[in-house]
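Structure below is structure-v6.txt: compact mmCIF, C-alpha atoms.
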```
# COMPACT_ATOMS: atom_id res chain seq x y z
CA MET A 1 -12.99 20.12 42.69
CA PHE A 2 -14.42 20.36 39.15
CA LEU A 3 -13.62 16.65 38.69
CA ASN A 4 -16.59 15.78 40.90
CA TYR A 5 -19.00 13.56 38.94
CA THR A 6 -22.07 15.75 39.58
CA LYS A 7 -20.28 18.91 38.48
CA LEU A 8 -18.85 17.15 35.41
CA LYS A 9 -22.34 16.04 34.47
CA LEU A 10 -23.58 19.62 34.80
CA ALA A 11 -20.58 20.92 32.81
CA PHE A 12 -21.33 18.37 30.08
CA PHE A 13 -24.98 19.52 29.92
CA ILE A 14 -23.94 23.18 29.62
CA ALA A 15 -21.37 22.28 26.90
CA LEU A 16 -24.12 20.55 24.89
CA ARG A 17 -26.34 23.63 25.31
CA PHE A 18 -23.56 25.83 23.94
CA LEU A 19 -23.22 23.50 20.94
CA SER A 20 -26.95 23.17 20.23
CA PHE A 21 -28.58 25.16 17.43
CA ARG A 22 -30.56 28.27 18.19
CA ILE A 23 -31.67 30.92 15.76
CA ASN A 24 -30.21 33.83 17.69
CA ARG A 25 -26.74 32.29 17.59
CA SER A 26 -26.93 30.20 14.45
CA PHE A 27 -23.58 31.49 13.15
CA ILE A 28 -21.62 30.15 16.14
CA THR A 29 -23.39 26.79 15.87
CA PHE A 30 -22.68 26.71 12.14
CA ILE A 31 -18.97 27.31 12.80
CA SER A 32 -19.04 24.50 15.37
CA TYR A 33 -20.45 22.12 12.79
CA ILE A 34 -17.82 23.26 10.29
CA SER A 35 -15.17 22.34 12.88
CA ILE A 36 -16.68 18.87 13.18
CA ILE A 37 -16.75 18.51 9.39
CA GLY A 38 -13.12 19.65 9.17
CA ILE A 39 -11.99 16.95 11.62
CA THR A 40 -14.14 14.39 9.78
CA ILE A 41 -12.66 15.21 6.37
CA GLY A 42 -9.11 15.14 7.74
CA ILE A 43 -9.56 11.73 9.38
CA LEU A 44 -11.38 10.42 6.29
CA ALA A 45 -8.56 11.52 3.98
CA LEU A 46 -5.87 10.07 6.28
CA ILE A 47 -7.54 6.66 6.53
CA VAL A 48 -8.28 6.37 2.80
CA VAL A 49 -4.83 7.51 1.66
CA MET A 50 -3.00 5.31 4.19
CA SER A 51 -5.17 2.32 3.20
CA VAL A 52 -4.36 2.88 -0.48
CA MET A 53 -0.64 3.20 0.29
CA ASN A 54 -0.78 0.00 2.35
CA GLY A 55 -2.69 -1.70 -0.46
CA PHE A 56 -0.04 -0.68 -2.99
CA HIS A 57 2.71 -1.98 -0.73
CA VAL A 58 0.99 -5.34 -0.11
CA GLU A 59 -0.09 -5.90 -3.72
CA LEU A 60 3.25 -4.90 -5.23
CA LYS A 61 5.14 -7.04 -2.73
CA ASN A 62 2.94 -10.08 -3.45
CA LYS A 63 3.18 -9.67 -7.21
CA ILE A 64 6.93 -9.05 -7.15
CA LEU A 65 7.52 -12.05 -4.87
CA ASN A 66 5.37 -14.12 -7.21
CA VAL A 67 8.07 -13.58 -9.85
CA ILE A 68 11.35 -13.28 -7.95
CA SER A 69 10.50 -15.63 -5.00
CA ASP A 70 11.32 -15.07 -1.33
CA VAL A 71 14.97 -16.12 -1.69
CA GLN A 72 17.00 -16.55 -4.88
CA VAL A 73 20.19 -18.56 -5.12
CA ILE A 74 22.44 -17.22 -7.87
CA ASN A 75 25.01 -19.66 -9.22
CA TYR A 76 27.71 -17.18 -10.26
CA ASN A 77 30.45 -19.79 -9.96
CA LYS A 78 28.53 -22.18 -12.25
CA ILE A 79 28.95 -25.13 -9.89
CA ASN A 80 26.81 -28.20 -10.33
CA ILE A 81 23.63 -27.71 -8.28
CA ASN A 82 22.78 -31.35 -7.66
CA ASN A 83 19.81 -32.98 -5.95
CA LYS A 84 21.75 -33.19 -2.70
CA ILE A 85 21.84 -29.38 -2.40
CA ILE A 86 18.19 -29.07 -3.45
CA ASN A 87 17.07 -31.73 -0.97
CA GLU A 88 19.08 -30.17 1.84
CA LEU A 89 17.38 -26.82 1.23
CA SER A 90 13.96 -28.42 0.84
CA ASN A 91 14.31 -30.26 4.16
CA ASP A 92 14.75 -27.01 6.08
CA SER A 93 11.67 -26.46 8.26
CA ARG A 94 11.31 -22.87 7.04
CA VAL A 95 11.10 -23.85 3.35
CA SER A 96 7.88 -24.68 1.54
CA GLY A 97 9.28 -25.15 -1.98
CA VAL A 98 12.46 -25.11 -4.08
CA THR A 99 12.90 -25.09 -7.84
CA THR A 100 15.67 -24.47 -10.36
CA PHE A 101 15.72 -21.73 -12.98
CA ALA A 102 17.71 -20.61 -16.01
CA ASP A 103 17.15 -17.02 -17.17
CA SER A 104 18.19 -15.04 -20.21
CA GLN A 105 17.16 -12.08 -22.34
CA GLY A 106 16.24 -11.79 -25.97
CA MET A 107 14.31 -10.12 -28.74
CA MET A 108 10.95 -11.59 -29.72
CA LEU A 109 9.78 -11.15 -33.32
CA SER A 110 6.27 -11.70 -34.66
CA ASN A 111 3.85 -9.97 -37.03
CA LYS A 112 6.58 -7.48 -38.00
CA ILE A 113 6.81 -6.38 -34.35
CA ALA A 114 9.93 -6.71 -32.19
CA GLU A 115 9.92 -6.58 -28.37
CA GLY A 116 12.71 -7.04 -25.85
CA VAL A 117 11.83 -9.77 -23.35
CA ILE A 118 13.14 -11.45 -20.22
CA ILE A 119 13.11 -15.21 -20.70
CA LYS A 120 12.66 -17.35 -17.60
CA GLY A 121 13.43 -21.02 -17.92
CA ILE A 122 11.54 -23.00 -15.27
CA ASP A 123 10.71 -26.51 -14.17
CA HIS A 124 6.95 -26.42 -14.75
CA VAL A 125 6.29 -29.03 -12.05
CA ARG A 126 8.39 -27.54 -9.25
CA GLU A 127 7.40 -23.98 -10.19
CA LYS A 128 3.94 -24.60 -8.75
CA ALA A 129 5.50 -24.89 -5.28
CA VAL A 130 7.19 -21.46 -5.37
CA SER A 131 4.84 -19.19 -7.36
CA ASN A 132 1.25 -18.71 -8.50
CA LEU A 133 2.15 -18.71 -12.19
CA ALA A 134 -0.05 -21.73 -12.93
CA SER A 135 -3.14 -20.05 -11.45
CA ASN A 136 -2.40 -16.83 -13.36
CA VAL A 137 -2.48 -18.54 -16.77
CA ILE A 138 -5.71 -17.32 -18.42
CA ASP A 139 -5.36 -19.22 -21.68
CA GLY A 140 -3.51 -22.49 -22.22
CA SER A 141 -1.63 -24.24 -19.41
CA ILE A 142 1.74 -24.23 -17.68
CA ASN A 143 1.83 -28.00 -18.17
CA PHE A 144 2.37 -27.50 -21.92
CA LEU A 145 5.92 -26.37 -21.07
CA ILE A 146 6.75 -30.07 -20.77
CA LYS A 147 7.54 -29.76 -24.48
CA ASP A 148 10.76 -27.90 -25.31
CA PHE A 149 10.70 -24.60 -27.22
CA THR A 150 7.24 -23.62 -26.02
CA ILE A 151 6.50 -20.40 -24.14
CA LEU A 152 4.01 -18.66 -21.87
CA ILE A 153 3.69 -14.92 -22.54
CA GLY A 154 2.06 -12.04 -20.66
CA GLU A 155 -1.35 -10.75 -21.68
CA SER A 156 -0.07 -7.22 -22.35
CA LEU A 157 2.71 -8.57 -24.56
CA ALA A 158 0.27 -10.85 -26.39
CA ASN A 159 -2.07 -7.93 -27.10
CA LYS A 160 0.81 -5.70 -28.23
CA MET A 161 2.12 -8.34 -30.67
CA ASN A 162 -1.31 -9.73 -31.71
CA LEU A 163 -0.48 -13.23 -30.47
CA ASN A 164 -2.74 -16.10 -29.45
CA VAL A 165 -2.19 -19.60 -28.14
CA GLY A 166 -0.85 -21.75 -30.97
CA ASP A 167 1.03 -18.95 -32.74
CA ASP A 168 4.76 -19.19 -33.45
CA VAL A 169 7.34 -16.53 -32.65
CA ILE A 170 11.06 -16.09 -33.33
CA ILE A 171 13.35 -15.23 -30.42
CA LEU A 172 16.88 -13.85 -30.90
CA PHE A 173 19.29 -14.68 -28.06
CA PRO A 174 22.43 -12.74 -27.05
CA ASP A 175 24.75 -15.51 -28.23
CA GLY A 176 25.82 -16.80 -31.59
CA ARG A 177 28.82 -16.97 -33.89
CA VAL A 178 30.93 -14.57 -35.86
CA SER A 179 30.92 -14.99 -39.64
CA ILE A 180 32.34 -13.05 -42.57
CA THR A 181 29.12 -11.04 -42.64
CA GLY A 182 29.33 -10.18 -38.94
CA PHE A 183 27.81 -11.50 -35.73
CA LEU A 184 24.93 -13.96 -36.21
CA PRO A 185 22.76 -14.29 -33.08
CA ILE A 186 21.00 -17.52 -32.17
CA MET A 187 17.45 -17.56 -33.57
CA LYS A 188 14.90 -20.08 -32.38
CA ARG A 189 11.24 -20.65 -33.15
CA PHE A 190 8.90 -21.05 -30.16
CA GLU A 191 5.24 -21.95 -29.95
CA VAL A 192 2.93 -19.92 -27.67
CA VAL A 193 1.18 -22.46 -25.41
CA GLY A 194 -0.25 -20.12 -22.81
CA ILE A 195 -1.01 -16.53 -21.85
CA PHE A 196 -0.73 -15.32 -18.24
CA ASN A 197 -1.84 -12.25 -16.35
CA MET A 198 0.22 -11.50 -13.23
CA GLY A 199 -1.82 -8.35 -12.53
CA MET A 200 1.25 -6.14 -12.98
CA THR A 201 1.82 -4.54 -16.37
CA GLU A 202 5.60 -4.40 -15.98
CA TYR A 203 5.70 -8.21 -15.88
CA ASP A 204 2.83 -8.92 -18.27
CA SER A 205 4.53 -6.87 -20.99
CA SER A 206 8.10 -8.13 -20.69
CA LEU A 207 8.24 -11.65 -19.19
CA ILE A 208 8.01 -14.95 -21.02
CA TYR A 209 8.38 -18.41 -19.52
CA THR A 210 9.81 -21.49 -21.18
CA SER A 211 11.20 -24.78 -20.00
CA GLU A 212 14.57 -24.70 -18.26
CA ASN A 213 15.74 -27.42 -20.62
CA SER A 214 15.07 -25.16 -23.62
CA ILE A 215 17.46 -22.50 -22.28
CA ARG A 216 20.15 -25.09 -21.64
CA LYS A 217 19.78 -26.52 -25.16
CA ILE A 218 20.10 -23.07 -26.76
CA PHE A 219 23.15 -21.97 -24.78
CA LYS A 220 26.00 -24.45 -24.91
CA ASN A 221 28.06 -22.20 -22.64
CA LYS A 222 26.62 -21.94 -19.11
CA LYS A 223 28.23 -18.53 -18.69
CA LYS A 224 25.83 -17.10 -21.27
CA PHE A 225 22.76 -17.35 -19.01
CA ASP A 226 21.87 -16.98 -15.33
CA GLU A 227 20.97 -20.05 -13.34
CA GLY A 228 20.20 -20.93 -9.76
CA LEU A 229 17.37 -21.76 -7.37
CA LYS A 230 14.14 -20.10 -6.28
CA ILE A 231 13.08 -20.75 -2.70
CA LYS A 232 9.62 -20.19 -1.23
CA LEU A 233 9.46 -19.77 2.55
CA LYS A 234 6.55 -20.51 4.86
CA ASN A 235 7.05 -17.06 6.40
CA ILE A 236 8.62 -14.32 4.28
CA ASP A 237 9.83 -12.58 7.44
CA ASP A 238 12.37 -15.42 7.79
CA ALA A 239 14.00 -14.46 4.47
CA ILE A 240 16.84 -12.37 5.91
CA ILE A 241 17.99 -14.83 8.59
CA PHE A 242 17.42 -17.82 6.29
CA SER A 243 19.57 -16.39 3.48
CA LYS A 244 22.28 -15.52 6.01
CA ASN A 245 22.26 -19.06 7.45
CA MET A 246 22.37 -20.70 4.03
CA GLN A 247 25.11 -18.35 2.79
CA GLU A 248 27.33 -19.63 5.60
CA LYS A 249 26.40 -23.21 4.76
CA PHE A 250 26.89 -22.90 0.98
CA PRO A 251 29.58 -20.20 0.49
CA GLU A 252 30.04 -21.14 -3.18
CA LEU A 253 26.46 -19.95 -3.91
CA TYR A 254 25.05 -16.44 -3.56
CA PHE A 255 21.79 -16.09 -1.58
CA VAL A 256 19.66 -12.98 -2.17
CA ASN A 257 16.42 -12.37 -0.26
CA TRP A 258 13.46 -10.29 -1.41
CA THR A 259 14.34 -7.35 0.87
CA GLU A 260 17.59 -6.87 -1.10
CA THR A 261 16.34 -7.29 -4.66
CA HIS A 262 13.80 -4.43 -4.42
CA LYS A 263 15.11 -2.63 -1.33
CA ASN A 264 15.08 0.88 -2.84
CA PHE A 265 11.63 0.39 -4.32
CA PHE A 266 9.99 -0.60 -1.03
CA ARG A 267 11.93 2.08 0.83
CA ALA A 268 10.58 4.69 -1.60
CA ILE A 269 7.02 3.51 -0.89
CA GLN A 270 7.59 3.82 2.87
CA ILE A 271 9.04 7.33 2.51
CA GLU A 272 6.14 8.41 0.30
CA LYS A 273 3.70 6.98 2.84
CA ARG A 274 5.29 8.95 5.70
CA VAL A 275 5.29 12.16 3.66
CA MET A 276 1.62 11.71 2.77
CA MET A 277 0.77 11.15 6.44
CA ILE A 278 2.57 14.37 7.43
CA ILE A 279 0.76 16.35 4.72
CA LEU A 280 -2.63 14.96 5.71
CA PHE A 281 -1.99 15.58 9.40
CA MET A 282 -1.48 19.22 8.43
CA ILE A 283 -5.05 19.14 7.09
CA VAL A 284 -6.19 17.85 10.47
CA SER A 285 -4.15 20.61 12.13
CA VAL A 286 -6.08 23.23 10.15
CA ALA A 287 -9.30 21.71 11.51
CA ILE A 288 -7.81 21.86 15.02
CA PHE A 289 -7.13 25.60 14.65
CA ASN A 290 -10.72 25.94 13.48
CA ILE A 291 -11.83 24.41 16.79
CA ILE A 292 -9.71 26.94 18.69
CA SER A 293 -11.28 29.86 16.81
CA THR A 294 -14.77 28.39 17.30
CA LEU A 295 -14.29 28.04 21.06
CA VAL A 296 -12.84 31.55 21.32
CA MET A 297 -15.93 32.95 19.56
CA ILE A 298 -18.20 30.99 21.88
CA VAL A 299 -16.28 32.36 24.88
CA ASN A 300 -16.71 35.93 23.60
CA GLU A 301 -20.41 35.38 22.91
CA LYS A 302 -21.04 33.69 26.26
CA LYS A 303 -19.31 36.23 28.48
CA SER A 304 -22.60 37.05 30.21
CA GLU A 305 -23.51 33.41 30.87
CA ILE A 306 -20.00 32.71 32.16
CA ALA A 307 -20.20 35.76 34.44
CA LEU A 308 -23.56 34.57 35.82
CA LEU A 309 -22.13 31.11 36.51
CA ARG A 310 -19.18 32.71 38.30
CA ALA A 311 -21.58 34.96 40.27
CA PHE A 312 -23.55 31.89 41.36
CA GLY A 313 -20.39 30.33 42.75
CA ALA A 314 -18.98 28.34 39.82
CA SER A 315 -15.23 27.90 40.16
CA LYS A 316 -12.69 28.63 37.45
CA GLY A 317 -12.10 24.88 37.19
CA PHE A 318 -15.79 24.34 36.47
CA ILE A 319 -15.73 26.96 33.67
CA VAL A 320 -12.57 25.40 32.21
CA SER A 321 -14.17 21.94 32.26
CA ILE A 322 -17.18 23.24 30.27
CA PHE A 323 -15.07 24.39 27.36
CA ILE A 324 -12.71 21.41 27.48
CA LEU A 325 -15.78 19.16 27.28
CA LEU A 326 -17.20 21.31 24.46
CA GLY A 327 -14.01 20.93 22.40
CA THR A 328 -13.82 17.23 23.31
CA ILE A 329 -17.38 16.68 22.05
CA ILE A 330 -16.54 18.40 18.75
CA GLY A 331 -13.35 16.33 18.39
CA LEU A 332 -15.02 13.08 19.41
CA ILE A 333 -17.90 13.47 16.96
CA GLY A 334 -15.56 14.53 14.12
CA THR A 335 -13.12 11.69 14.81
CA PHE A 336 -15.83 9.03 15.13
CA VAL A 337 -17.64 10.08 11.95
CA GLY A 338 -14.30 10.41 10.11
CA VAL A 339 -13.24 6.89 11.11
CA ILE A 340 -16.59 5.39 10.07
CA LEU A 341 -16.61 7.20 6.71
CA GLY A 342 -12.91 6.46 6.14
CA LEU A 343 -13.36 2.74 6.75
CA THR A 344 -16.47 2.68 4.56
CA VAL A 345 -14.66 4.37 1.65
CA ALA A 346 -11.51 2.25 2.09
CA LEU A 347 -13.48 -1.01 2.12
CA ASN A 348 -15.47 -0.06 -0.99
CA LEU A 349 -12.79 1.88 -2.85
CA SER A 350 -12.77 -0.31 -5.97
CA GLU A 351 -16.54 0.01 -6.37
CA ILE A 352 -16.37 3.78 -5.85
CA VAL A 353 -13.65 4.11 -8.50
CA LEU A 354 -15.66 1.99 -10.95
CA PHE A 355 -18.75 4.13 -10.31
CA ILE A 356 -16.81 7.37 -10.92
CA GLU A 357 -15.27 5.91 -14.10
CA SER A 358 -18.68 4.86 -15.42
CA LEU A 359 -20.15 8.24 -14.47
CA PHE A 360 -17.53 10.26 -16.36
CA GLY A 361 -16.70 7.66 -19.01
CA SER A 362 -12.96 7.77 -18.38
CA ASN A 363 -10.34 5.46 -16.93
CA LEU A 364 -8.97 6.99 -13.71
CA PHE A 365 -6.57 4.16 -12.95
CA THR A 366 -4.44 2.91 -15.84
CA SER A 367 -2.17 -0.06 -15.21
CA GLU A 368 0.51 1.34 -17.56
CA VAL A 369 1.06 4.21 -15.14
CA TYR A 370 0.34 2.64 -11.74
CA PHE A 371 1.77 -0.86 -12.37
CA LEU A 372 -1.40 -2.58 -11.05
CA ASN A 373 -4.70 -3.26 -12.79
CA ASP A 374 -6.92 -2.00 -9.97
CA LEU A 375 -6.80 0.33 -6.96
CA PRO A 376 -5.80 -1.73 -3.92
CA SER A 377 -6.76 -0.93 -0.34
CA SER A 378 -5.51 -2.56 2.84
CA ILE A 379 -6.67 -1.37 6.27
CA ASP A 380 -4.13 -1.43 9.07
CA SER A 381 -5.97 -1.40 12.42
CA SER A 382 -2.93 -0.06 14.28
CA GLU A 383 -2.77 2.95 11.93
CA ILE A 384 -6.50 3.60 12.39
CA ILE A 385 -6.05 3.60 16.17
CA PHE A 386 -3.02 5.89 15.92
CA ILE A 387 -4.72 8.36 13.55
CA SER A 388 -7.95 8.59 15.58
CA THR A 389 -6.15 8.76 18.95
CA PHE A 390 -3.67 11.40 17.79
CA ALA A 391 -6.39 13.57 16.23
CA PHE A 392 -8.56 13.27 19.34
CA ILE A 393 -5.67 14.24 21.63
CA LEU A 394 -4.96 17.27 19.43
CA THR A 395 -8.58 18.42 19.79
CA ILE A 396 -8.30 18.20 23.59
CA PHE A 397 -5.11 20.28 23.55
CA ALA A 398 -6.88 22.77 21.29
CA THR A 399 -9.43 23.47 24.05
CA ILE A 400 -6.86 24.58 26.64
CA TYR A 401 -6.37 28.18 25.51
CA PRO A 402 -10.11 29.01 24.98
CA ALA A 403 -11.01 27.23 28.23
CA PHE A 404 -8.62 29.31 30.33
CA LYS A 405 -9.53 32.46 28.38
CA ALA A 406 -13.10 31.94 29.56
CA THR A 407 -11.95 32.41 33.18
CA GLN A 408 -10.02 35.64 32.59
CA SER A 409 -12.96 38.07 32.58
CA HIS A 410 -14.16 39.66 35.82
CA PRO A 411 -17.83 38.68 36.48
CA ALA A 412 -18.83 42.03 38.04
CA LYS A 413 -17.44 44.08 35.13
CA VAL A 414 -19.14 41.89 32.53
CA LEU A 415 -22.54 42.00 34.29
CA ARG A 416 -22.27 45.77 34.84
CA ALA A 417 -21.56 46.24 31.11
CA ASP A 418 -24.67 44.24 30.21
CA ILE A 419 -27.00 46.36 32.37
```
Using the file provided, produce a representation of the structure as structure tokens.
Amino acid sequence: MFLNYTKLKLAFFIALRFLSFRINRSFITFISYISIIGITIGILALIVVMSVMNGFHVELKNKILNVISDVQVINYNKININNKIINELSNDSRVSGVTTFADSQGMMLSNKIAEGVIIKGIDHVREKAVSNLASNVIDGSINFLIKDFTILIGESLANKMNLNVGDDVIILFPDGRVSITGFLPIMKRFEVVGIFNMGMTEYDSSLIYTSENSIRKIFKNKKKFDEGLKIKLKNIDDAIIFSKNMQEKFPELYFVNWTETHKNFFRAIQIEKRVMMIILFMIVSVAIFNIISTLVMIVNEKKSEIALLRAFGASKGFIVSIFILLGTIIGLIGTFVGVILGLTVALNLSEIVLFIESLFGSNLFTSEVYFLNDLPSSIDSSEIIFISTFAFILTIFATIYPAFKATQSHPAKVLRADI
């Protein structure tokens, strides 16, 4: 019966009256507002933290894929990867680019400083089809790698070793010859022709790029360096099935997709994200219990009004609907404001961080610790809907006990006690 539209409208009006501020019951109203603020802060924290976690996942994935590519073909058997194989892979409808690579490791020496580096030999023309390296070069050009024994180095590495475009460096390679004085590694002079910034300190401080031909000239034995292909797909979600299909087609090569190369890393991010969501939902739960206590206090304070309504013929269902609507209003306002504030903070997070840093004169987000140079944020609409819906449903459930408690008192006894 209490679902009748007219009675619901009346119940909604009474619920608003209970929530409204009056001097003689300012404490109860204050607690009601605290409940709204609690829900708001919980939703705000959930949205901001989940957006940051999503941003980290997206940014790290993009930057990692910019270096390792969607699919790598490792030539462990050192077969001849001819143009026929490259063309056959390139002609696949799922592929947007293919290039060859030859990788090694070494020790770079300059200005009395030594740093271990990963040396990536690339085809500077084809590389543009599989990565954004060319657009990340901030000084010099990738095209200068057309000349052998030239290198591109990361900005962090350049700063650490005091290097600029045009400087020469010595690189020691893990190959050489044995003499009467001991093992003599291969040493080669390279010219720095460019400096890049991939936006990830781990790469900017340890990677250098040179021409693939330079690596092949230094190592006479192909077993001394890694070689293969880098494949860029039109849709990275095709990486698993593509690598499986190509592995069956070219069993002499080894196909590795991006989900395998950094599987544990991305899994750790997902686990951390789930744990953070659970922790923050506990904050929301505290706010939900605050709503329960608020409604219970309102019930105790409004015993006389409830008794009068019952005396005038109001059903138990009508009384229950008043307090369910009261809790729903609190939850709806808190959820709505929390979502708006959460989205506002998430969309302007970088500016907020910069403002706080300028205010306190300190760097809150260092790339050496957090891998990235800025604080990323990526809003997932499905997560926003889930968070707001779940929190709102919890607030409705929180009203059940106080709502039914309001119907337990006997009207005649309450009114007699007030006389």
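Take the candidates A:Ala287, A:Leu184, A:Ala45, A:Ile329 and check each one against Arg17 of chain A using all atoms listed in the file; the shortest distance goes to A:Ile329.
Among the candidates A:Thr328, A:Ser358, A:Ser315, A:Ser350, the one nearest to Leu16 of chain A when counting all atoms listed in the file is A:Thr328.
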Within 9 Å of Ile288 of chain A, counting all atoms listed in the file, which residues qualify if same-chain residues fewer than 2 places away don't, as a ChimeraX atom specification?
/A:35,38-39,283-286,290-293,331,391,394-395,398
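Reported to one decimal place, the separation of atom CA of Leu172 of chain A from atom CA of Val67 of chain A is 22.8 Å.
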Find the spatial neighbours of Leu341 of chain A, counting all atoms listed in the file, within a cut-off of 10 Å - ignore same-chain residues fewer than 4 positions away - and output them as number ranges by chain.
A: 40-41, 43-45, 47-48, 335-337, 345-347
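Minimum distance to Leu157 of chain A across A:Ser110, A:Ser388, A:Ser135, A:Asn62 (counting only C-alpha atoms) occurs at A:Ser110.
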Kindly output segment 323-340 of chain A as a PDB file, in the frame of the given file, after building N, CA and C atoms.
```
ATOM      1  N   PHE A 323     -15.606  24.175  28.703  1.00  0.00           N
ATOM      2  CA  PHE A 323     -15.070  24.390  27.360  1.00  0.00           C
ATOM      3  C   PHE A 323     -14.135  23.264  26.910  1.00  0.00           C
ATOM      4  N   ILE A 324     -13.478  22.607  27.855  1.00  0.00           N
ATOM      5  CA  ILE A 324     -12.710  21.410  27.480  1.00  0.00           C
ATOM      6  C   ILE A 324     -13.657  20.318  27.005  1.00  0.00           C
ATOM      7  N   LEU A 325     -14.786  20.160  27.701  1.00  0.00           N
ATOM      8  CA  LEU A 325     -15.780  19.160  27.280  1.00  0.00           C
ATOM      9  C   LEU A 325     -16.404  19.550  25.948  1.00  0.00           C
ATOM     10  N   LEU A 326     -16.622  20.846  25.733  1.00  0.00           N
ATOM     11  CA  LEU A 326     -17.200  21.310  24.460  1.00  0.00           C
ATOM     12  C   LEU A 326     -16.268  20.958  23.299  1.00  0.00           C
ATOM     13  N   GLY A 327     -14.975  21.275  23.448  1.00  0.00           N
ATOM     14  CA  GLY A 327     -14.010  20.930  22.400  1.00  0.00           C
ATOM     15  C   GLY A 327     -13.863  19.432  22.244  1.00  0.00           C
ATOM     16  N   THR A 328     -13.928  18.690  23.366  1.00  0.00           N
ATOM     17  CA  THR A 328     -13.820  17.230  23.310  1.00  0.00           C
ATOM     18  C   THR A 328     -15.000  16.620  22.558  1.00  0.00           C
ATOM     19  N   ILE A 329     -16.194  17.176  22.771  1.00  0.00           N
ATOM     20  CA  ILE A 329     -17.380  16.680  22.050  1.00  0.00           C
ATOM     21  C   ILE A 329     -17.210  16.894  20.547  1.00  0.00           C
ATOM     22  N   ILE A 330     -16.766  18.102  20.182  1.00  0.00           N
ATOM     23  CA  ILE A 330     -16.540  18.400  18.750  1.00  0.00           C
ATOM     24  C   ILE A 330     -15.521  17.424  18.176  1.00  0.00           C
ATOM     25  N   GLY A 331     -14.396  17.233  18.880  1.00  0.00           N
ATOM     26  CA  GLY A 331     -13.350  16.330  18.390  1.00  0.00           C
ATOM     27  C   GLY A 331     -13.802  14.888  18.339  1.00  0.00           C
ATOM     28  N   LEU A 332     -14.563  14.465  19.358  1.00  0.00           N
ATOM     29  CA  LEU A 332     -15.020  13.080  19.410  1.00  0.00           C
ATOM     30  C   LEU A 332     -15.989  12.766  18.271  1.00  0.00           C
ATOM     31  N   ILE A 333     -16.931  13.690  18.046  1.00  0.00           N
ATOM     32  CA  ILE A 333     -17.900  13.470  16.960  1.00  0.00           C
ATOM     33  C   ILE A 333     -17.176  13.458  15.608  1.00  0.00           C
ATOM     34  N   GLY A 334     -16.293  14.456  15.392  1.00  0.00           N
ATOM     35  CA  GLY A 334     -15.560  14.530  14.120  1.00  0.00           C
ATOM     36  C   GLY A 334     -14.688  13.309  13.889  1.00  0.00           C
ATOM     37  N   THR A 335     -13.987  12.864  14.941  1.00  0.00           N
ATOM     38  CA  THR A 335     -13.120  11.690  14.810  1.00  0.00           C
ATOM     39  C   THR A 335     -13.925  10.437  14.544  1.00  0.00           C
ATOM     40  N   PHE A 336     -15.002  10.235  15.290  1.00  0.00           N
ATOM     41  CA  PHE A 336     -15.830   9.030  15.130  1.00  0.00           C
ATOM     42  C   PHE A 336     -16.432   8.955  13.727  1.00  0.00           C
ATOM     43  N   VAL A 337     -17.025  10.060  13.289  1.00  0.00           N
ATOM     44  CA  VAL A 337     -17.640  10.080  11.950  1.00  0.00           C
ATOM     45  C   VAL A 337     -16.564   9.894  10.876  1.00  0.00           C
ATOM     46  N   GLY A 338     -15.392  10.541  11.071  1.00  0.00           N
ATOM     47  CA  GLY A 338     -14.300  10.410  10.110  1.00  0.00           C
ATOM     48  C   GLY A 338     -13.805   8.977   9.990  1.00  0.00           C
ATOM     49  N   VAL A 339     -13.680   8.288  11.129  1.00  0.00           N
ATOM     50  CA  VAL A 339     -13.240   6.890  11.110  1.00  0.00           C
ATOM     51  C   VAL A 339     -14.262   6.012  10.397  1.00  0.00           C
ATOM     52  N   ILE A 340     -15.538   6.199  10.715  1.00  0.00           N
ATOM     53  CA  ILE A 340     -16.590   5.390  10.070  1.00  0.00           C
ATOM     54  C   ILE A 340     -16.610   5.627   8.562  1.00  0.00           C
TER      55      ILE A 340
END
```
